[in-house]
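Visitor: Provided below: entry-v9.cif, containing mmCIF, C-alpha atoms.
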```
data_upload
loop_
_atom_site.label_atom_id
_atom_site.label_comp_id
_atom_site.auth_asym_id
_atom_site.auth_seq_id
_atom_site.Cartn_x
_atom_site.Cartn_y
_atom_site.Cartn_z
CA MET L 1 88.75 13.55 150.77
CA GLY L 2 85.85 15.46 152.13
CA GLY L 3 83.09 16.67 149.88
CA ILE L 4 83.19 20.18 148.46
CA GLY L 5 80.60 22.25 150.24
CA ILE L 6 78.32 24.73 148.49
CA GLN L 7 79.54 28.22 149.20
CA PRO L 8 76.92 30.83 150.13
CA MET L 9 76.06 33.28 147.35
CA SER L 10 74.16 36.54 147.15
CA ILE L 11 72.44 38.37 144.31
CA LEU L 12 73.24 42.01 143.70
CA LEU L 13 71.13 44.30 141.53
CA ILE L 14 73.45 46.96 140.11
CA GLU L 15 72.03 50.19 138.72
CA THR L 16 73.72 51.26 135.49
CA PRO L 17 73.00 53.90 132.83
CA THR L 18 71.62 52.63 129.53
CA HIS L 19 70.10 54.11 126.39
CA GLY L 20 66.63 53.43 125.02
CA ARG L 21 65.38 53.92 121.49
CA VAL L 22 62.48 56.37 121.11
CA ILE L 23 60.81 57.57 117.91
CA VAL L 24 59.10 60.96 117.79
CA ARG L 25 56.75 62.33 115.15
CA GLU L 26 55.68 65.92 115.60
CA ARG L 27 52.08 66.83 114.89
CA THR L 28 51.33 67.68 111.28
CA ALA L 29 47.93 69.32 111.81
CA PRO L 30 47.64 73.05 112.63
CA THR L 31 45.73 72.25 115.82
CA ARG L 32 47.58 70.82 118.82
CA ALA L 33 45.89 68.05 120.78
CA GLY L 34 48.54 66.59 123.07
CA LEU L 35 51.07 63.77 123.37
CA LEU L 36 50.29 60.18 122.39
CA VAL L 37 52.82 57.75 123.88
CA GLY L 38 52.97 54.22 122.46
CA PHE L 39 54.28 50.87 123.71
CA HIS L 40 54.80 47.90 121.39
CA GLY L 41 54.20 44.23 122.14
CA TYR L 42 56.62 41.38 122.77
CA ALA L 43 59.29 40.92 120.07
CA GLU L 44 58.29 44.13 118.31
CA THR L 45 59.88 47.56 117.86
CA ALA L 46 59.16 51.25 118.24
CA GLU L 47 58.77 51.48 114.46
CA ILE L 48 55.88 49.02 114.54
CA GLN L 49 54.06 50.90 117.29
CA ILE L 50 54.49 54.36 115.80
CA ALA L 51 52.98 53.08 112.56
CA ARG L 52 49.96 51.97 114.57
CA LEU L 53 49.68 55.34 116.28
CA ALA L 54 49.99 57.20 112.98
CA ALA L 55 47.09 55.16 111.55
CA VAL L 56 44.70 56.33 114.29
CA PRO L 57 42.20 58.87 112.92
CA GLY L 58 43.05 62.34 114.21
CA ALA L 59 46.60 61.37 115.21
CA ASP L 60 48.02 64.15 113.01
CA ALA L 61 47.00 66.61 115.75
CA TRP L 62 49.04 64.73 118.34
CA THR L 63 52.78 64.50 118.87
CA LEU L 64 53.55 60.78 118.66
CA LEU L 65 56.16 59.18 120.91
CA SER L 66 56.91 55.48 120.46
CA VAL L 67 59.07 54.01 123.22
CA GLN L 68 61.06 50.84 122.53
CA ALA L 69 61.64 48.36 125.36
CA LEU L 70 65.14 48.27 126.83
CA HIS L 71 65.70 44.52 126.38
CA ARG L 72 66.77 44.03 122.75
CA PHE L 73 67.40 40.65 121.15
CA TYR L 74 67.52 38.97 117.76
CA ARG L 75 64.35 37.29 116.54
CA GLY L 76 65.17 33.61 116.23
CA ARG L 77 68.27 33.07 114.11
CA SER L 78 67.69 36.18 112.03
CA GLU L 79 69.38 39.58 112.14
CA GLU L 80 66.09 41.33 112.98
CA VAL L 81 66.36 43.25 116.26
CA VAL L 82 63.25 43.24 118.45
CA SER L 83 62.57 44.05 122.09
CA SER L 84 60.76 42.90 125.21
CA TRP L 85 59.62 44.96 128.19
CA MET L 86 60.44 42.58 131.03
CA THR L 87 60.44 39.03 132.38
CA ARG L 88 59.53 37.54 135.76
CA GLN L 89 63.12 37.88 136.96
CA ASP L 90 63.67 40.88 139.28
CA ARG L 91 60.22 42.06 138.24
CA ASP L 92 59.75 44.97 140.65
CA THR L 93 63.13 46.45 139.79
CA ALA L 94 62.41 46.12 136.06
CA ILE L 95 59.06 47.90 136.49
CA ALA L 96 60.70 50.81 138.31
CA ASP L 97 63.44 51.04 135.65
CA ASN L 98 60.87 51.07 132.85
CA VAL L 99 58.71 53.75 134.46
CA ARG L 100 61.76 56.01 134.97
CA TYR L 101 62.77 55.39 131.36
CA VAL L 102 59.35 56.48 130.06
CA ASP L 103 59.42 59.53 132.33
CA ALA L 104 62.76 60.54 130.82
CA ALA L 105 61.52 59.97 127.26
CA ILE L 106 58.52 62.24 127.82
CA ALA L 107 60.67 64.88 129.52
CA ALA L 108 62.88 64.95 126.41
CA VAL L 109 59.99 66.02 124.15
CA ARG L 110 57.51 67.78 126.42
CA THR L 111 57.52 71.55 126.18
CA SER L 112 58.31 73.29 129.46
CA GLY L 113 55.12 74.39 131.22
CA SER L 114 52.87 72.44 128.85
CA ASN L 115 49.59 71.15 130.20
CA ASP L 116 48.59 69.30 127.03
CA PRO L 117 46.99 65.92 127.78
CA ILE L 118 49.04 62.73 127.56
CA VAL L 119 47.44 59.50 126.37
CA TYR L 120 49.30 56.21 126.75
CA ALA L 121 48.60 53.50 124.16
CA GLY L 122 49.85 49.92 124.38
CA PHE L 123 49.49 46.68 122.46
CA SER L 124 49.79 43.23 124.07
CA GLN L 125 52.79 43.28 126.46
CA GLY L 126 52.92 47.05 126.01
CA VAL L 127 49.49 47.49 127.63
CA ALA L 128 50.97 46.94 131.08
CA MET L 129 53.53 49.66 130.41
CA ALA L 130 50.81 52.04 129.26
CA PHE L 131 48.93 51.57 132.53
CA ARG L 132 52.03 51.75 134.71
CA SER L 133 53.24 54.93 133.02
CA ALA L 134 49.81 56.53 133.31
CA VAL L 135 49.34 55.89 137.03
CA LEU L 136 52.86 55.48 138.43
CA GLY L 137 54.92 57.83 136.31
CA ARG L 138 55.84 61.47 136.61
CA TRP L 139 53.36 62.44 133.89
CA PRO L 140 49.78 61.35 134.82
CA GLY L 141 47.73 60.12 131.90
CA ALA L 142 44.55 61.71 130.60
CA GLY L 143 43.72 58.37 129.03
CA VAL L 144 44.91 54.84 128.29
CA VAL L 145 44.33 52.91 125.09
CA ALA L 146 44.76 49.18 125.83
CA VAL L 147 44.65 46.75 122.90
CA GLY L 148 45.06 43.03 123.47
CA GLY L 149 46.60 43.17 126.93
CA ASP L 150 45.60 43.14 130.58
CA VAL L 151 45.72 45.63 133.43
CA PRO L 152 48.59 44.87 135.85
CA PRO L 153 46.81 43.32 138.85
CA GLU L 154 48.97 45.12 141.41
CA LEU L 155 47.63 48.45 140.12
CA LEU L 156 44.02 47.40 140.61
CA GLU L 157 44.85 46.17 144.12
CA ASP L 158 46.37 49.51 145.16
CA GLY L 159 43.48 51.65 146.35
CA THR L 160 45.62 54.82 146.40
CA LEU L 161 46.15 54.99 142.63
CA ARG L 162 44.11 57.17 140.29
CA PHE L 163 43.15 55.74 136.91
CA PRO L 164 42.38 57.93 133.90
CA ASP L 165 39.72 57.18 131.28
CA VAL L 166 40.41 53.84 129.59
CA LEU L 167 39.64 52.31 126.20
CA MET L 168 39.88 48.50 126.48
CA VAL L 169 39.98 46.64 123.16
CA ARG L 170 39.98 42.91 122.42
CA GLY L 171 39.60 40.71 119.35
CA THR L 172 36.98 37.97 119.51
CA ALA L 173 39.54 35.30 118.52
CA ASP L 174 42.36 36.56 120.76
CA GLU L 175 43.77 33.48 122.53
CA TRP L 176 46.32 35.48 124.54
CA TYR L 177 43.95 38.03 126.06
CA THR L 178 40.85 35.97 126.73
CA GLN L 179 37.28 37.17 127.09
CA ALA L 180 37.37 36.15 130.76
CA ASN L 181 40.45 38.29 131.40
CA PHE L 182 38.91 41.15 129.45
CA GLU L 183 35.71 41.07 131.48
CA SER L 184 37.66 40.82 134.74
CA ASP L 185 39.71 43.90 133.83
CA VAL L 186 36.62 45.87 132.84
CA GLU L 187 34.92 45.05 136.14
CA GLY L 188 38.10 45.81 138.08
CA LEU L 189 38.39 49.24 136.50
CA LYS L 190 34.71 49.97 137.07
CA ALA L 191 35.20 49.12 140.74
CA ARG L 192 37.87 51.81 140.83
CA SER L 193 35.31 54.35 139.54
CA CYS L 194 37.19 54.48 136.27
CA LYS L 195 35.42 55.71 133.13
CA ILE L 196 35.95 52.77 130.80
CA GLU L 197 34.92 52.04 127.23
CA PRO L 198 35.09 48.31 126.38
CA VAL L 199 35.31 47.41 122.67
CA VAL L 200 35.35 43.93 121.14
CA PHE L 201 36.09 43.59 117.42
CA ASP L 202 35.97 40.66 115.02
CA GLY L 203 39.59 39.52 114.89
CA GLY L 204 42.51 38.02 116.78
CA HIS L 205 45.52 39.20 118.76
CA GLU L 206 46.17 42.30 116.69
CA TRP L 207 45.94 46.06 116.50
CA SER L 208 43.22 46.05 113.87
CA ASN L 209 41.58 48.81 111.83
CA ALA L 210 38.67 48.57 114.26
CA ALA L 211 41.07 49.20 117.15
CA SER L 212 42.46 52.25 115.35
CA GLU L 213 38.97 53.63 114.71
CA SER L 214 38.02 53.16 118.37
CA ALA L 215 41.26 54.81 119.46
CA GLY L 216 40.51 57.79 117.22
CA THR L 217 37.10 58.28 118.80
CA PHE L 218 38.64 57.94 122.25
CA LEU L 219 41.32 60.56 121.49
CA SER L 220 38.64 62.96 120.34
CA SER L 221 36.79 62.56 123.63
CA VAL L 222 40.01 63.19 125.59
CA GLN L 223 40.72 66.26 123.49
CA ARG L 224 37.22 67.65 124.09
CA SER L 225 37.44 67.11 127.84
#
```
Would you mind writing the structure in this file as structure tokens?

Guide:
Amino acid sequence: MGGIGIQPMSILLIETPTHGRVIVRERTAPTRAGLLVGFHGYAETAEIQIARLAAVPGADAWTLLSVQALHRFYRGRSEEVVSSWMTRQDRDTAIADNVRYVDAAIAAVRTSGSNDPIVYAGFSQGVAMAFRSAVLGRWPGAGVVAVGGDVPPELLEDGTLRFPDVLMVRGTADEWYTQANFESDVEGLKARSCKIEPVVFDGGHEWSNAASESAGTFLSSVQRS
């Protein structure tokens, strides 16, 4: 008998409708500042990120929108549902899907004809989504709050993209987002003529009280401008 040959195979990427989980909290202050869109980290949820946004000083003047990643899974062997933004597999397609998803989420809550500023705020894995949404999406960002995560390198390499003002935050003991990566991102954004505010706090890989305080000051500056 002859050996069984390996048959040729191809990979198809099939577009299909899906539903994402988004949490909205309308502003509670009489003044209206804008829309603050949040992105959680790996194995987290929209509930976790909206709690972070709500803790930012001055956030009561902003409509809060916390977007949960499309890839849901159970944490370990528990019944706790968490999410992840993407993996290395079919990366470019996943990025495009995520940006369209965020565009649709904002369109669902944004008042027709509104020119209120939009600030994108991410933690850890969610930082990349904050940057991609701000510069690639339908709704350009007036600012990005990046806590414990890096700038997607392909965005810095694309000289046609416009970056908004950026708050970059890192904990001194953060082993995931190192000081070297932090400094490289700061210099990369400066090279793009981006107005950037780097902040380093005493802590680890976390959205700390210091990060919230810095985000509050940053939101005030966006609101004034």

Visitor: Find, counting only C-alpha atoms, the residue in L:Ala46, L:Leu36, L:Val145, L:Ile14 that gets nearest to L:Gly58.

Guide: L:Leu36

Visitor: Do a neighbour search on L:Glu154 at 12 Å with all atoms listed in the file, toss out local chain neighbours closer than 3 positions, and write the hits as an NGL selection string.

Guide: :L and (92 or 95 or 128 or 131-132 or 135-136 or 150-151 or 157-161 or 188)

Visitor: Have a look at L:Ala121, L:Ile6, L:Ala61, L:Ala51 and name the one nearest to L:Gly38; count all atoms listed in the file.

Guide: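 Between L:Ala121, L:Ile6, L:Ala61, L:Ala51, the residue approaching L:Gly38 most closely is L:Ala121.
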
Visitor: Can you work out which one of L:Leu70, L:Val166, L:Ala54, L:Val37 has the shortest atom-to-atom distance to L:Trp139, counting all atoms listed in the file?

Guide: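 Closest candidate: L:Val37.
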
Visitor: Would you write out, as an MDAnalysis selection string, every residue that the PyMOL selection byres ((chain L and resi 39) around 10) captures in this file?

Guide: chainID L and resid 37:38 40:42 44:46 48:50 53 65:69 85 102 120:130 146

Visitor: In Å to one decimal, how far is atom CA of L:Arg100 from atom CA of L:Arg138?

Guide: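 Between atom CA of L:Arg138 and atom CA of L:Arg100 the gap works out to 8.2 Å.
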
Visitor: How many Å lie between atom CA of L:Val24 and atom CA of L:Glu47, rounded to one decimal?

Guide: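 Taking atom CA of L:Val24 as the start and atom CA of L:Glu47 as the end point, the length is 10.1 Å.
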
Visitor: If you measure from atom CA of L:Ser84 to atom CA of L:Arg72, what distance in Å do you get, rounded to one decimal?

Guide: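 Straight-line distance from atom CA of L:Ser84 to atom CA of L:Arg72 works out to 6.6 Å.
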
Visitor: Pick from L:Pro8, L:Pro117, L:Gly34, L:Gly20: nearest to L:Asn98, with all atoms listed in the file counted?

Guide: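 Comparing L:Pro8, L:Pro117, L:Gly34, L:Gly20 against L:Asn98, the winner is L:Gly20.
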
Visitor: Starting from the displayed file, determine the output of the PyMOL selection byres ((chain L and resi 204) around 8) and express the residue list as a PyMOL selection string.

Guide: chain L and resi 170-175+202-203+205-206

Visitor: If the PyMOL selection byres ((chain L and resi 199) around 6) were run on this exact file, what residues would it hold? Put them as a ChimeraX atom specification.

Guide: /L:169,198,200

Visitor: Could you tell me which of L:Pro164, L:Glu197, L:Val186, L:Val109 comes closest to L:Val22 if we count all atoms listed in the file?

Guide: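 Among L:Pro164, L:Glu197, L:Val186, L:Val109, it is L:Val109 that comes nearest to L:Val22.
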
Visitor: Near L:Arg162, within 9 Å and counting only C-alpha atoms, which residues show up once chain neighbours fewer than 6 positions away are dropped, as a ChimeraX atom specification?

Guide: /L:135,140,192,194

Visitor: Nearest residue to L:Gln89 out of L:Thr111, L:Leu13, L:Arg25, L:Phe163, using only C-alpha atoms?

Guide: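 That would be L:Leu13, the residue with the smallest distance to L:Gln89.
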
Visitor: Applying 9 Å and only C-alpha atoms, which residues near L:Ser220 remain after dropping the ones on its own chain fewer than 5 positions away? List them as a PDB file with C-alpha atoms, keeping the file's coordinate frame.

Guide:
```pdb
ATOM      1  CA  ALA L  33      45.890  68.050 120.780  1.00  0.00           C
ATOM      2  CA  GLY L  58      43.050  62.340 114.210  1.00  0.00           C
ATOM      3  CA  ALA L 215      41.260  54.810 119.460  1.00  0.00           C
ATOM      4  CA  SER L 225      37.440  67.110 127.840  1.00  0.00           C
TER       5      SER L 225
END
```

Visitor: Determine the axis-aligned bounding box of all atoms of stretch 76-80 of chain L present in the file, pad each side by 3 Å, and express its centre and edge lengths in Å to one decimal place as AutoDock Vina command-line options.

Guide:
```
--center_x 67.3 --center_y 37.2 --center_z 114.1 --size_x 10.2 --size_y 14.3 --size_z 10.2
```

Visitor: Could you list, as a PyMOL selection string, every residue within 12 Å of L:Glu15, counting all atoms listed in the file and ignoring same-chain residues fewer than 5 positions away?

Guide: chain L and resi 93-94+96-97
